[in-house]
Amino acid sequence: MKLTLKIVIGLILGAVIGLALHFFAPDIFEPIDKYFFTPLGTIFLNLIKMLVVPIVFISITLGTAAIGDPKKLGRIGGKALLFFLATTTIAITIAMGMAMILQPGSVGIETAEASYETAEAPSVIDTFTGIIPTNPIQAMVEGNMLQIITFAVFIGFALAMLGKKTEAVYRLLEQGNEIMMFLVNIVMKFAPYGAFGLLASAMGSLGISGAKAMLLYMITVFSVLFIHAIFTYGSAVALIAKRNPIHFFKAFIPAMTVGFSTSSSSSTLPVSMKVAQEELNVPKSISSFVQPLGATINMDGTAIMQGVATIFIAQVYQTDLSLSQLAMVVLTAVLASVGTAGVPGVGLVMLAMVLNQVSLPVEGIALIIGIDRILDMTRTAVNITGDAACAVIIAETEKKR
Ligand code: ASP
């Protein structure tokens with residue numbers, strides 16, 4: 001808990017100092033940012049990113065091998081996918097409903113200056129066939145999480161089937177895991193300073209002035225993120241896992257603060273797994289299988305932003321969406337959030353795919369790009385909370401069997 005407090009203090013101090021410099025001393029913000037805030041944040045980011053690829057590979061391999069029985073593996077994978085899809089669908093539905101009620105795009109926003117270069121969003125089919133790596137080493141070099149996961153599942157499955165014959169490799173990976181978790185502990189000691197640097201840099205360059213026009217949009221996204229986290233995850237943890245949701249959220253705060261400061265589900269993975277295993281008592285085999293998968297494909301916070309943003313842009317451009325178009329938004333936003341990589345800002349790129357699908361102007365993204373940073377931070381915290389909730393639920397339901 002002491003570390004959590006330190007991280008929170010780092011976050012608040014960073015935000016306050018960043019904003020103060022933005023408003024009162026913008027000239028000196030730039031050099032301070034360049035030589036102090038940004039390097040501080042980058043060192044922290046790099047430190048945890050350094051651990052991500054080995055942790056994902058080792059933990060999924062071990063998780064798969066530990067579950068062993070293909071039937072059990074299928075059951076846990078099936079439950080995880082079901083949970084991911086169901087919660088993401090709920091998330092986007094609440095998001096669209098809330099955006100229709102609050103109407104953030106109907107407050108007279110200028111569209112004249114909107115211009116946005118469409119980034120190429122990968123097609124759904126490419127994403128699916130691309131899951132199998134043709135070169136696993138390349139997948140690791142590029143940090144392609146889905147491919148790494150697939151390869152790890154294959155290796156883990158082989159380890160389980162070969163049993164005694166490959167015991168040494170299994171033990172090697174287990175020891176590798178020990179090393180990684182040890183390093184996570186060390187890196188986390190730097191988290192309060194990293195969080196400070198990241199927040200000071202973000203707030204100092206962003207300020208809150210540009211945010212005014214988009215205030216209602218931001219409020220809508222924030223409130224849906226909050227509602228979804230508290231009610232959807234809270235009730236899932238209480239009703240399905242029969243655990244105290246308050247304890248769940250309290251224990252998971254350290255991971256949420258790291259998700260918030262890094263804006264990256266993947267980067268937060270080492271921390272969120274550690275918290276789930278040590279504080280939420282999720283067995284290693286389940287945590288190491290469910291959470292990396294979730295950090296890669298389960299992004300409820302991202303889906304929420306995409307849902308609100310789509311309705312917002314439709315309102316700004318005074319376009320009415322038919323019922324079937326709304327259903328299309330749900331479907332594509334679920335796919336888009338699956339395809340979103342757990343790194344900063346990708347959710348916004350994938351929004352282009354959703355907008356295209358219902359023929360809304362992609363330039364609309366320009367309206368929200370300026371304030372997306374702060375939303376990215378918040379939705380990432382929600383994204384990883386969903387993965388942890390899923391891990392807790394699967395752990396409890398498996399225990400009962
Ligand atoms: N930054 C988000 C994450 O890593 C993805 C996004 O919505 O851009 O979870």
# chains A, B, ... in the order shown; residues from 1 in each chain; ligands from 1
$ residues_around --residues "range 10-22 of chain A" --least-positions-apart "2" --cutoff "7 Å" --atoms "only C-alpha atoms" --output "NGL selection string"
:A and (6-8 or 24-26 or 29 or 192-193 or 195-197 or 199-201 or 203-205 or 207)
$ write_last_selection --atoms "N, CA and C atoms" --output "mmCIF file, in the first residue's frame"
data_model
loop_
_atom_site.group_PDB
_atom_site.id
_atom_site.type_symbol
_atom_site.label_atom_id
_atom_site.label_comp_id
_atom_site.auth_asym_id
_atom_site.auth_seq_id
_atom_site.Cartn_x
_atom_site.Cartn_y
_atom_site.Cartn_z
ATOM 1 N N LYS A 6 2.658 6.306 -2.745
ATOM 2 C CA LYS A 6 3.749 7.052 -3.380
ATOM 3 C C LYS A 6 3.435 7.333 -4.853
ATOM 4 N N ILE A 7 2.885 6.334 -5.544
ATOM 5 C CA ILE A 7 2.569 6.543 -6.965
ATOM 6 C C ILE A 7 1.496 7.620 -7.108
ATOM 7 N N VAL A 8 0.471 7.544 -6.242
ATOM 8 C CA VAL A 8 -0.606 8.533 -6.331
ATOM 9 C C VAL A 8 -0.055 9.935 -6.073
ATOM 10 N N PHE A 24 1.700 29.248 -15.949
ATOM 11 C CA PHE A 24 2.434 30.397 -15.403
ATOM 12 C C PHE A 24 3.839 30.552 -15.965
ATOM 13 N N ALA A 25 4.407 29.470 -16.463
ATOM 14 C CA ALA A 25 5.777 29.605 -16.961
ATOM 15 C C ALA A 25 5.996 28.719 -18.178
ATOM 16 N N PRO A 26 5.203 28.963 -19.233
ATOM 17 C CA PRO A 26 5.292 28.071 -20.400
ATOM 18 C C PRO A 26 6.690 28.047 -21.025
ATOM 19 N N PHE A 29 8.781 25.614 -19.216
ATOM 20 C CA PHE A 29 8.292 24.233 -19.239
ATOM 21 C C PHE A 29 9.066 23.398 -20.258
ATOM 22 N N PRO A 192 6.827 5.714 -8.741
ATOM 23 C CA PRO A 192 6.344 7.039 -8.347
ATOM 24 C C PRO A 192 7.040 8.162 -9.126
ATOM 25 N N TYR A 193 8.340 7.993 -9.362
ATOM 26 C CA TYR A 193 9.072 9.038 -10.091
ATOM 27 C C TYR A 193 8.681 9.035 -11.564
ATOM 28 N N ALA A 195 5.816 8.023 -12.771
ATOM 29 C CA ALA A 195 4.459 8.563 -12.870
ATOM 30 C C ALA A 195 4.505 10.085 -12.804
ATOM 31 N N PHE A 196 5.346 10.590 -11.930
ATOM 32 C CA PHE A 196 5.497 12.042 -11.821
ATOM 33 C C PHE A 196 5.942 12.640 -13.154
ATOM 34 N N GLY A 197 6.985 12.071 -13.732
ATOM 35 C CA GLY A 197 7.516 12.603 -14.992
ATOM 36 C C GLY A 197 6.494 12.531 -16.120
ATOM 37 N N LEU A 199 3.189 12.395 -15.941
ATOM 38 C CA LEU A 199 2.062 13.303 -15.748
ATOM 39 C C LEU A 199 2.468 14.764 -15.956
ATOM 40 N N ALA A 200 3.637 15.123 -15.419
ATOM 41 C CA ALA A 200 4.087 16.509 -15.560
ATOM 42 C C ALA A 200 4.248 16.846 -17.043
ATOM 43 N N SER A 201 4.817 15.905 -17.783
ATOM 44 C CA SER A 201 5.028 16.145 -19.205
ATOM 45 C C SER A 201 3.696 16.243 -19.951
ATOM 46 N N MET A 203 0.594 16.896 -18.752
ATOM 47 C CA MET A 203 -0.233 18.029 -18.333
ATOM 48 C C MET A 203 0.398 19.350 -18.758
ATOM 49 N N GLY A 204 1.725 19.399 -18.697
ATOM 50 C CA GLY A 204 2.405 20.628 -19.079
ATOM 51 C C GLY A 204 2.216 20.960 -20.541
ATOM 52 N N SER A 205 2.208 19.944 -21.396
ATOM 53 C CA SER A 205 2.051 20.267 -22.815
ATOM 54 C C SER A 205 0.583 20.363 -23.218
ATOM 55 N N GLY A 207 -2.186 21.160 -20.948
ATOM 56 C CA GLY A 207 -2.973 22.155 -20.254
ATOM 57 C C GLY A 207 -4.403 21.686 -20.165
#
$ residues_near_ligand --ligand "ligand 1" --cutoff "8 Å" --atoms "only C-alpha atoms and all ligand atoms" --output "ChimeraX atom specification"
/A:259,263-267,295,299,301-303,305,337,340-349,376-377,379-381,383-384
$ select_by_dssp --residues "range 122-155 of chain A" --states "alpha helix (DSSP H)" --output "list of chain:residue names"
A:Val124, A:Ile125, A:Asp126, A:Thr127, A:Phe128, A:Thr129, A:Pro136, A:Ile137, A:Gln138, A:Ala139, A:Met140, A:Val141, A:Glu142, A:Met145, A:Leu146, A:Gln147, A:Ile148, A:Ile149, A:Thr150, A:Phe151, A:Ala152, A:Val153, A:Phe154, A:Ile155
$ closest_atom_pairs --of "range 224-312 of chain A" --to "range 52-74 of chain A" --cutoff "8 Å" --atoms "only C-alpha atoms" --output "Markdown table"
| residue | atom | partner | partner_atom | distance |
| --- | --- | --- | --- | --- |
| A:Ser266 | CA | A:Val52 | CA | 6.9 |
| A:Ser267 | CA | A:Val52 | CA | 6.3 |
| A:Leu269 | CA | A:Val52 | CA | 7.0 |
| A:Pro270 | CA | A:Val52 | CA | 6.6 |
| A:Lys284 | CA | A:Gly63 | CA | 7.0 |
| A:Ser285 | CA | A:Gly63 | CA | 4.1 |
| A:Ile286 | CA | A:Gly63 | CA | 6.4 |
| A:Ser287 | CA | A:Gly63 | CA | 7.7 |
| A:Ser288 | CA | A:Ser59 | CA | 4.9 |
| A:Phe289 | CA | A:Ile60 | CA | 5.1 |
| A:Pro292 | CA | A:Val56 | CA | 6.2 |
$ write_last_selection --atoms "C-alpha atoms" --output "compact mmCIF listing (two decimals), in the first residue's frame"
# COMPACT_ATOMS: atom_id res chain seq x y z
CA SER A 266 0.94 -4.14 -22.40
CA SER A 267 3.42 -2.13 -20.41
CA LEU A 269 1.09 -6.23 -17.65
CA PRO A 270 3.99 -7.14 -15.38
CA LYS A 284 -0.39 -18.22 -11.41
CA SER A 285 -1.57 -20.60 -14.11
CA ILE A 286 -4.78 -18.62 -14.60
CA SER A 287 -3.35 -15.14 -14.20
CA SER A 288 -0.52 -15.86 -16.60
CA PHE A 289 -2.92 -17.10 -19.22
CA PRO A 292 -1.75 -11.24 -21.14
$ closest_residue --among "A:Val221, A:Ile246, A:Leu375, A:Ile240" --to "Pro104 in chain A" --atoms "only C-alpha atoms"
A:Val221
$ residues_around --residues "Ala80 in chain A" --least-positions-apart "4" --cutoff "8 Å" --atoms "only C-alpha atoms" --output "list in words"
Ile76, Phe84, Val290, Cys390, Ala391 and Ile394 of chain A
$ residues_around --residues "range 311-324 of chain A" --least-positions-apart "2" --cutoff "8 Å" --atoms "only C-alpha atoms" --output "JSON, numbers by chain"
{"A": [96, 99, 100, 103, 104, 105, 106, 108, 109, 111, 217, 307, 308, 309, 326, 327, 328, 360, 361, 364, 365]}
$ atom_distance --atom1 "CA of Ile148 in chain A" --atom2 "CA of Val271 in chain A"
18.9 Å
$ atom_distance --atom1 "CA of Ala191 in chain A" --atom2 "CA of Met273 in chain A"
15.8 Å
$ atom_distance --atom1 "CA of Ala139 in chain A" --atom2 "CA of Gln306 in chain A"
27.7 Å
$ closest_residue --among "A:Met161, A:Val224, A:Ile368, A:Leu51" --to "Ile186 in chain A" --atoms "only C-alpha atoms"
A:Leu51
$ closest_residue --among "A:Ala389, A:Leu293, A:Ala352, A:Val275" --to "Asn185 in chain A" --atoms "only C-alpha atoms"
A:Val275
$ closest_residue --among "A:Ile92, A:Thr257, A:Gly194, A:Ile28" --to "Ala333 in chain A" --atoms "only C-alpha atoms"
A:Ile92
$ residues_around --residues "Thr232 in chain A" --least-positions-apart "6" --cutoff "9 Å" --atoms "only C-alpha atoms" --output "ChimeraX atom specification"
/A:87,90-91
$ write_last_selection --atoms "N, CA and C atoms" --output "PDB file, in the first residue's frame"
ATOM      1  N   THR A  87     -18.431  -8.292 -21.741  1.00  0.00           N
ATOM      2  CA  THR A  87     -18.223  -7.002 -21.072  1.00  0.00           C
ATOM      3  C   THR A  87     -17.947  -5.890 -22.082  1.00  0.00           C
ATOM      4  N   ILE A  90     -21.279  -4.840 -23.422  1.00  0.00           N
ATOM      5  CA  ILE A  90     -21.979  -4.022 -22.426  1.00  0.00           C
ATOM      6  C   ILE A  90     -21.367  -2.619 -22.395  1.00  0.00           C
ATOM      7  N   ALA A  91     -20.030  -2.569 -22.388  1.00  0.00           N
ATOM      8  CA  ALA A  91     -19.340  -1.281 -22.308  1.00  0.00           C
ATOM      9  C   ALA A  91     -19.763  -0.354 -23.432  1.00  0.00           C
TER      10      ALA A  91
END
$ closest_residue --among "A:Asn281, A:Lys165, A:Gly386, A:Phe83" --to "Phe231 in chain A" --atoms "only C-alpha atoms"
A:Gly386
$ closest_residue --among "A:Gln325, A:Thr4, A:Met218, A:Leu173" --to "Gly370 in chain A" --atoms "only C-alpha atoms"
A:Met218
$ decode --residues "range 195-238 of chain A" --atoms "C-alpha atoms" --output "tab-separated table (two decimals), in the first residue's frame"
chain	number	residue	atom	x	y	z
A	195	ALA	CA	4.46	8.56	-12.87
A	196	PHE	CA	5.50	12.04	-11.82
A	197	GLY	CA	7.52	12.60	-14.99
A	198	LEU	CA	4.83	11.22	-17.29
A	199	LEU	CA	2.06	13.30	-15.75
A	200	ALA	CA	4.09	16.51	-15.56
A	201	SER	CA	5.03	16.14	-19.20
A	202	ALA	CA	1.49	15.33	-20.36
A	203	MET	CA	-0.23	18.03	-18.33
A	204	GLY	CA	2.41	20.63	-19.08
A	205	SER	CA	2.05	20.27	-22.81
A	206	LEU	CA	-1.70	19.69	-22.83
A	207	GLY	CA	-2.97	22.15	-20.25
A	208	ILE	CA	-6.72	22.18	-19.93
A	209	SER	CA	-7.58	25.08	-22.19
A	210	GLY	CA	-8.15	23.08	-25.36
A	211	ALA	CA	-10.29	20.81	-23.34
A	212	LYS	CA	-13.07	23.32	-22.69
A	213	ALA	CA	-14.96	22.81	-25.94
A	214	MET	CA	-14.72	19.10	-25.55
A	215	LEU	CA	-15.69	19.12	-21.92
A	216	LEU	CA	-19.02	17.40	-22.36
A	217	TYR	CA	-17.43	14.72	-24.54
A	218	MET	CA	-14.81	14.12	-21.87
A	219	ILE	CA	-17.38	14.02	-19.10
A	220	THR	CA	-19.40	11.48	-21.07
A	221	VAL	CA	-16.40	9.20	-21.59
A	222	PHE	CA	-15.25	9.56	-17.98
A	223	SER	CA	-18.66	8.80	-16.57
A	224	VAL	CA	-19.15	5.71	-18.71
A	225	LEU	CA	-15.67	4.47	-17.80
A	226	PHE	CA	-16.55	4.94	-14.16
A	227	ILE	CA	-19.98	3.32	-14.42
A	228	HIS	CA	-18.59	0.35	-16.32
A	229	ALA	CA	-15.73	-0.22	-13.91
A	230	ILE	CA	-17.83	0.06	-10.78
A	231	PHE	CA	-21.04	-1.59	-11.89
A	232	THR	CA	-20.12	-4.07	-14.59
A	233	TYR	CA	-16.88	-5.30	-13.04
A	234	GLY	CA	-18.04	-4.73	-9.47
A	235	SER	CA	-21.17	-6.80	-9.93
A	236	ALA	CA	-19.36	-9.46	-11.97
A	237	VAL	CA	-16.79	-9.85	-9.18
A	238	ALA	CA	-19.52	-9.86	-6.51
